[in-house]
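Structure first, then comments.
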Amino acid sequence: MKFGIEQEIDWDVLSDEDFRQNVRAFFEENYPPNLRHVQRRLQWSENGSWYQRLASKGWIAPNWPAEYGGIGISPKKQLIYLDEQERIGMGRFADHGIHMVGPVLIKYGTPEQQERYLPGILSCEHRWCQGYSEPNAGSDLASLRTSASIEGDDYVINGHKIWTSMAHDCTHIYVLARTDANVKKQMGISFLLVDLATPGITIRPIKNLDGGEEFCEVFFDNVKTHKSNLVGGLNNGWTVAKSLLGFERIFIGSPKLPEYALQMLRHIAQERRMTADPIFQDKYAQLQLDVEHLSVIYQKYAEIATSGGNLKSDVSMLKIWATETYQKIADLLFETAGPYAAIRQTSEFGKDSRSVLSAYYNARLPTIYSGTNEIQRDIIAKQVLELPA
Ligand SMILES: Cc1cc2nc3c(=O)[nH]c(=O)nc-3n(C[C@H](O)[C@H](O)[C@H](O)COP(=O)(O)OP(=O)(O)OC[C@H]3O[C@@H](n4cnc5c(N)ncnc54)[C@H](O)[C@@H]3O)c2cc1C
């Protein structure tokens, strides 16, 4: 089966710079200005038509191999594409299909699973969310208790997932479920695909501090999914889930978010006439240096990834540095905005309107997801520094 949309040219023959200019021009022309750098997760009703436009150009999954519907570009150009998305401040949608399910199916899926699910991801008709975390299984994910037992041709799932981003905006969920309780906990977990319209599923949105609904609880009460929806073999879910961590760490380590926050800080400081204040200058200079250092280490890891190398455990440092620098900038932003920092709605700063409080709240999130920063420090302590447990 042929996946995706035929490309008008072979993008990979362009120089990196020409490719960048093409991507930039397309985004500038087509990505709606009112959706740029929005400080919250957008809903499908807001940015769905943009992503459908991207899908109809065949550009929705730049990280996939061309034969599966990707653009057919080198890893270096994939990073350029990502860089341009971040430069324009493109709001994400529920994109786990593109970043997780697609790559997992390409690597571990059967041809039937690929034919069944890849086209829906490429057209955005199917939007996927991640059912990993549970109330007592976050950092210690292997302790998860949601179970799946075989009954006839189905797996029957029972349990409770939490912090499932955008589940209310999705059509499908991929779930880690316990399929063997009598072995070492990592060895008894399977990776299952589930249609969210299946009877027995209840989705309950959780309101976050910012007043938005980005996460949900998802309850499974005797939910049936056909045996053909098991990916990567029975009890092999841990290996399947771990196989994508490298990309996630690079994705989260990009300096673009801190760079944008720094720009916003400079702008607000100018508007509030704080830039001549020596204490502000001192703090700002330190943060600017931190962002410069982040760019250097990001380049180092991006080069390893783009030259086909394997990222080792020390990539955890990138996640820590990126997310904590972002958080420190948001803290100074909060301080600099004075009374405006307490307002949830946007405030006017010269020509720009911004919600400083939303920026502050948003900067808390990345230190928690994709493995908390404490867990990243544990990884560095054990696997890089080889400190005693
Ligand atoms: C914005 C956002 C989106 C998310 N989206 C999803 C999603 O789509 N799907 C999904 O499945 N999950 C999602 N999560 C959940 C996320 O993966 C978990 O929050 C994370 O794994 C931490 O788990 P926990 O919240 O249960 O905290 P816990 O694991 O209970 O940790 C609580 C605190 O204890 C610390 N701690 C725990 N163990 C150790 C240790 N061994 N050493 C040192 N410190 C430790 C942690 O660092 C943390 O500070 C999301 C979270 C956020 C914030």
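Residue numbering restarts at 1 for every chain of the structure tokens, chains are lettered A, B, ... in their displayed order, and ligands are numbered from 1 as they appear.
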
(message) Can you pull out the residues contacting Asp140 in chain A? Cut-off 10 Å, using only C-alpha atoms, and skip same-chain residues under 6 positions away; I want them as a VMD selection string.
(response) chain A and resid 133 to 134 371 375

Export C-alpha atoms of the chosen residues as a PDB file, in the first residue's frame?
```pdb
ATOM      1  CA  SER A 133       0.192   7.487  33.567  1.00  0.00           C
ATOM      2  CA  GLU A 134      -2.116   6.308  36.350  1.00  0.00           C
ATOM      3  CA  GLY A 371      10.061  12.011  32.937  1.00  0.00           C
ATOM      4  CA  ILE A 375      14.085  11.376  37.445  1.00  0.00           C
TER       5      ILE A 375
END
```

(request) Find the residues near Tyr68 in chain A: any atom within 10 Å, counting only C-alpha atoms, skip ones fewer than 6 places away on the same chain, and give them as a list in words. (result) Met1, Lys2, Phe3, Gly4, Ile5, Ala61, Gly102, Pro103, Ile106, Gln114, Glu115, Leu118, Pro119 and Leu122 of chain A

Export of the given selection (N, CA and C atoms) as a PDB file, in the first residue's frame:
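Wrote selection11.pdb, looks like this:
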```
ATOM      1  N   MET A   1       0.845  -1.209   0.000  1.00  0.00           N
ATOM      2  CA  MET A   1       0.000   0.000   0.000  1.00  0.00           C
ATOM      3  C   MET A   1       0.880   1.260   0.000  1.00  0.00           C
ATOM      4  N   LYS A   2       0.412   2.282  -0.727  1.00  0.00           N
ATOM      5  CA  LYS A   2       1.186   3.530  -0.783  1.00  0.00           C
ATOM      6  C   LYS A   2       0.563   4.499   0.224  1.00  0.00           C
ATOM      7  N   PHE A   3       1.410   5.084   1.053  1.00  0.00           N
ATOM      8  CA  PHE A   3       0.883   6.008   2.068  1.00  0.00           C
ATOM      9  C   PHE A   3       1.214   7.453   1.684  1.00  0.00           C
ATOM     10  N   GLY A   4       0.352   8.366   2.106  1.00  0.00           N
ATOM     11  CA  GLY A   4       0.671   9.795   1.994  1.00  0.00           C
ATOM     12  C   GLY A   4       0.389  10.398   0.631  1.00  0.00           C
ATOM     13  N   ILE A   5       0.848  11.654   0.484  1.00  0.00           N
ATOM     14  CA  ILE A   5       0.573  12.454  -0.710  1.00  0.00           C
ATOM     15  C   ILE A   5       1.875  12.604  -1.499  1.00  0.00           C
ATOM     16  N   ALA A  61       3.660  14.707   8.629  1.00  0.00           N
ATOM     17  CA  ALA A  61       4.530  13.786   9.379  1.00  0.00           C
ATOM     18  C   ALA A  61       5.955  13.840   8.834  1.00  0.00           C
ATOM     19  N   GLY A 102       2.550   6.533  14.968  1.00  0.00           N
ATOM     20  CA  GLY A 102       3.068   6.282  13.624  1.00  0.00           C
ATOM     21  C   GLY A 102       4.445   5.628  13.677  1.00  0.00           C
ATOM     22  N   PRO A 103       5.445   6.295  14.338  1.00  0.00           N
ATOM     23  CA  PRO A 103       6.774   5.678  14.412  1.00  0.00           C
ATOM     24  C   PRO A 103       6.758   4.281  15.050  1.00  0.00           C
ATOM     25  N   ILE A 106       5.421   1.926  12.422  1.00  0.00           N
ATOM     26  CA  ILE A 106       6.406   1.740  11.347  1.00  0.00           C
ATOM     27  C   ILE A 106       7.490   0.756  11.809  1.00  0.00           C
ATOM     28  N   GLN A 114      -0.427  -1.216   9.973  1.00  0.00           N
ATOM     29  CA  GLN A 114       0.012   0.002   9.270  1.00  0.00           C
ATOM     30  C   GLN A 114      -1.068   0.471   8.302  1.00  0.00           C
ATOM     31  N   GLU A 115      -1.635  -0.481   7.549  1.00  0.00           N
ATOM     32  CA  GLU A 115      -2.675  -0.092   6.570  1.00  0.00           C
ATOM     33  C   GLU A 115      -3.916   0.426   7.261  1.00  0.00           C
ATOM     34  N   LEU A 118      -2.201   4.058   9.714  1.00  0.00           N
ATOM     35  CA  LEU A 118      -1.368   5.182   9.244  1.00  0.00           C
ATOM     36  C   LEU A 118      -2.166   6.198   8.409  1.00  0.00           C
ATOM     37  N   PRO A 119      -3.046   5.753   7.489  1.00  0.00           N
ATOM     38  CA  PRO A 119      -3.767   6.765   6.695  1.00  0.00           C
ATOM     39  C   PRO A 119      -4.597   7.730   7.548  1.00  0.00           C
ATOM     40  N   LEU A 122      -2.267  10.297   8.984  1.00  0.00           N
ATOM     41  CA  LEU A 122      -1.764  11.230   7.954  1.00  0.00           C
ATOM     42  C   LEU A 122      -2.826  12.233   7.506  1.00  0.00           C
TER      43      LEU A 122
END
```

(request) Fewer than 2 positions away in the same chain doesn't count, so skip those; otherwise give me all residues within 10 Å of range 322-332 of chain A, counting only C-alpha atoms, as number ranges by chain. (result) A: 252-265, 269, 280, 283-284, 287-288, 290-291, 293-295, 297-298, 317-320, 334-337, 356-368, 373

(request) Could you check which of A:Val38, A:Met90, A:Leu196, A:Ile73 is closest to Trp50 in chain A, using only C-alpha atoms? (result) A:Met90

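Distance check against ligand 1 using only C-alpha atoms and all ligand atoms: of A:Phe215, A:Trp64, A:Tyr51, A:Tyr117, the minimum falls on A:Phe215.
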
Show me which residues line ligand 1, defined as having an atom within 6 Å of a ligand atom where only C-alpha atoms and all ligand atoms count, and present them as a short mmCIF file (atom, residue, chain, number, x, y, z; two decimals) with all heavy atoms, in the first residue's frame.
```cif
data_model
loop_
_atom_site.label_atom_id
_atom_site.label_comp_id
_atom_site.auth_asym_id
_atom_site.auth_seq_id
_atom_site.Cartn_x
_atom_site.Cartn_y
_atom_site.Cartn_z
N CYS A 129 -4.18 9.97 21.68
CA CYS A 129 -3.62 10.42 22.95
C CYS A 129 -2.91 9.25 23.63
O CYS A 129 -3.08 8.09 23.23
CB CYS A 129 -4.70 11.02 23.85
SG CYS A 129 -6.09 9.94 24.17
N GLN A 130 -2.13 9.60 24.68
CA GLN A 130 -1.25 8.62 25.32
C GLN A 130 -1.79 8.17 26.67
O GLN A 130 -1.87 8.98 27.60
CB GLN A 130 0.13 9.27 25.52
CG GLN A 130 1.14 8.38 26.16
CD GLN A 130 2.40 9.15 26.53
OE1 GLN A 130 2.39 10.02 27.40
NE2 GLN A 130 3.48 8.85 25.85
N GLY A 131 -2.15 6.91 26.79
CA GLY A 131 -2.66 6.38 28.06
C GLY A 131 -1.58 5.61 28.79
O GLY A 131 -1.59 4.37 28.79
N TYR A 132 -0.65 6.34 29.40
CA TYR A 132 0.42 5.70 30.18
C TYR A 132 0.17 5.92 31.68
O TYR A 132 -0.03 4.98 32.43
CB TYR A 132 1.79 6.30 29.84
CG TYR A 132 2.44 5.88 28.54
CD1 TYR A 132 1.78 5.09 27.60
CD2 TYR A 132 3.75 6.27 28.24
CE1 TYR A 132 2.39 4.72 26.42
CE2 TYR A 132 4.37 5.90 27.06
CZ TYR A 132 3.69 5.13 26.15
OH TYR A 132 4.31 4.78 24.98
N SER A 133 0.19 7.20 32.12
CA SER A 133 0.19 7.49 33.57
C SER A 133 -1.11 7.05 34.24
O SER A 133 -2.19 7.09 33.65
CB SER A 133 0.35 8.99 33.82
OG SER A 133 1.49 9.47 33.18
N ALA A 137 1.00 5.55 39.26
CA ALA A 137 2.08 5.12 38.35
C ALA A 137 2.38 6.26 37.39
O ALA A 137 1.78 6.38 36.33
CB ALA A 137 1.66 3.87 37.59
N GLY A 138 3.29 7.14 37.85
CA GLY A 138 3.74 8.26 37.00
C GLY A 138 5.22 8.06 36.74
O GLY A 138 5.61 7.39 35.78
N SER A 139 6.05 8.56 37.65
CA SER A 139 7.49 8.32 37.52
C SER A 139 7.77 6.82 37.54
O SER A 139 8.60 6.32 36.79
CB SER A 139 8.24 8.98 38.68
OG SER A 139 7.99 10.36 38.68
N ASP A 140 7.07 6.13 38.41
CA ASP A 140 7.25 4.68 38.49
C ASP A 140 6.20 4.02 37.59
O ASP A 140 5.32 3.29 38.04
CB ASP A 140 7.09 4.23 39.95
CG ASP A 140 7.36 2.75 40.12
OD1 ASP A 140 7.94 2.15 39.19
OD2 ASP A 140 6.96 2.19 41.16
N TRP A 163 -3.97 12.26 33.55
CA TRP A 163 -3.11 13.25 32.87
C TRP A 163 -3.01 12.96 31.37
O TRP A 163 -2.01 13.26 30.74
CB TRP A 163 -1.69 13.32 33.46
CG TRP A 163 -1.61 13.38 34.94
CD1 TRP A 163 -0.95 12.55 35.77
CD2 TRP A 163 -2.24 14.36 35.78
NE1 TRP A 163 -1.12 12.92 37.07
CE2 TRP A 163 -1.91 14.03 37.11
CE3 TRP A 163 -3.07 15.47 35.55
CZ2 TRP A 163 -2.37 14.76 38.20
CZ3 TRP A 163 -3.53 16.19 36.64
CH2 TRP A 163 -3.17 15.83 37.93
N THR A 164 -4.06 12.36 30.82
CA THR A 164 -4.03 12.03 29.40
C THR A 164 -4.29 13.32 28.61
O THR A 164 -5.43 13.80 28.54
CB THR A 164 -5.12 10.98 29.08
OG1 THR A 164 -5.14 10.01 30.12
CG2 THR A 164 -4.88 10.34 27.74
N SER A 165 -3.21 13.87 28.02
CA SER A 165 -3.34 15.17 27.34
C SER A 165 -4.33 15.07 26.19
O SER A 165 -4.23 14.16 25.35
CB SER A 165 -1.99 15.60 26.76
OG SER A 165 -1.08 15.83 27.78
N LEU A 365 5.11 23.08 33.38
CA LEU A 365 4.76 21.76 32.85
C LEU A 365 5.95 20.92 32.36
O LEU A 365 6.05 19.75 32.70
CB LEU A 365 3.74 21.91 31.70
CG LEU A 365 2.48 22.71 32.04
CD1 LEU A 365 1.58 22.81 30.82
CD2 LEU A 365 1.73 22.08 33.19
N ILE A 368 7.86 18.44 34.39
CA ILE A 368 7.13 17.26 34.91
C ILE A 368 6.97 16.18 33.84
O ILE A 368 7.24 15.01 34.09
CB ILE A 368 5.74 17.68 35.44
CG1 ILE A 368 5.87 18.76 36.50
CG2 ILE A 368 4.99 16.47 35.98
CD1 ILE A 368 4.53 19.38 36.92
N TYR A 369 6.53 16.58 32.63
CA TYR A 369 6.25 15.49 31.67
C TYR A 369 7.52 14.97 31.02
O TYR A 369 8.59 15.53 31.21
CB TYR A 369 5.19 15.90 30.64
CG TYR A 369 5.47 17.10 29.75
CD1 TYR A 369 6.45 17.05 28.78
CD2 TYR A 369 4.71 18.25 29.86
CE1 TYR A 369 6.67 18.13 27.95
CE2 TYR A 369 4.92 19.35 29.03
CZ TYR A 369 5.92 19.27 28.08
OH TYR A 369 6.14 20.33 27.26
N SER A 370 7.36 13.86 30.30
CA SER A 370 8.50 13.15 29.66
C SER A 370 9.55 12.73 30.68
O SER A 370 10.75 12.76 30.40
CB SER A 370 9.18 14.03 28.61
OG SER A 370 8.34 14.25 27.55
N GLY A 371 9.12 12.37 31.88
CA GLY A 371 10.06 12.01 32.94
C GLY A 371 10.46 13.26 33.68
O GLY A 371 11.09 14.15 33.11
N THR A 372 10.08 13.36 34.97
CA THR A 372 10.33 14.60 35.72
C THR A 372 11.84 14.89 35.78
O THR A 372 12.66 14.00 35.57
CB THR A 372 9.82 14.49 37.18
OG1 THR A 372 10.62 13.53 37.87
CG2 THR A 372 8.36 14.10 37.25
N GLU A 374 13.60 15.40 38.35
CA GLU A 374 14.26 14.62 39.41
C GLU A 374 14.67 13.25 38.85
O GLU A 374 15.77 12.75 39.12
CB GLU A 374 13.33 14.43 40.62
CG GLU A 374 13.08 15.68 41.44
CD GLU A 374 12.07 16.64 40.80
OE1 GLU A 374 11.34 16.23 39.87
OE2 GLU A 374 12.01 17.81 41.23
N ILE A 375 13.77 12.69 38.04
CA ILE A 375 14.09 11.38 37.45
C ILE A 375 15.26 11.52 36.47
O ILE A 375 16.15 10.66 36.42
CB ILE A 375 12.83 10.79 36.73
CG1 ILE A 375 11.73 10.50 37.77
CG2 ILE A 375 13.17 9.57 35.90
CD1 ILE A 375 12.08 9.45 38.80
#
```

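Between Ser313 in chain A and the candidates A:Cys124, A:Ile379, A:Val240, A:Leu230, the tightest atom-to-atom separation, counting only C-alpha atoms, involves A:Ile379.
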
(request) Excluding Ile189 in chain A and residues on its chain fewer than 3 positions from it, collect all residues at most 12 Å away from it, counting only C-alpha atoms, and give them as an MDAnalysis selection string. (result) chainID A and resid 132 141:149 175:186 192 230:241

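Reported to one decimal place, the separation of CA of Asn63 in chain A from CA of Thr110 in chain A is 19.6 Å.
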
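Distances to Ile201 in chain A were evaluated for A:Gln383, A:Gln376, A:Asn30, A:Asn222 using only C-alpha atoms, and the minimum falls at A:Asn222.
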
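Residue nearest Asp154 in chain A, chosen from A:Leu193, A:Val315, A:Tyr174, A:Ala167 and counting only C-alpha atoms: A:Leu193.
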
(request) Please identify which residues in range 99-239 of chain A DSSP calls strand (DSSP E or B) from the backbone, and express them as a PyMOL selection string. (result) chain A and resi 128-131+134+137+147-151+154-165+172-178+189-195+201-207+213-226+230-231

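Of the residues listed (A:Tyr108, A:Ser228, A:Ser316, A:Ile88), A:Ile88 shows the shortest atom-to-atom separation from Glu29 in chain A; distances use only C-alpha atoms.
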
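Atom pair CA of Asp378 in chain A / CA of Trp321 in chain A: separated by 14.7 Å.
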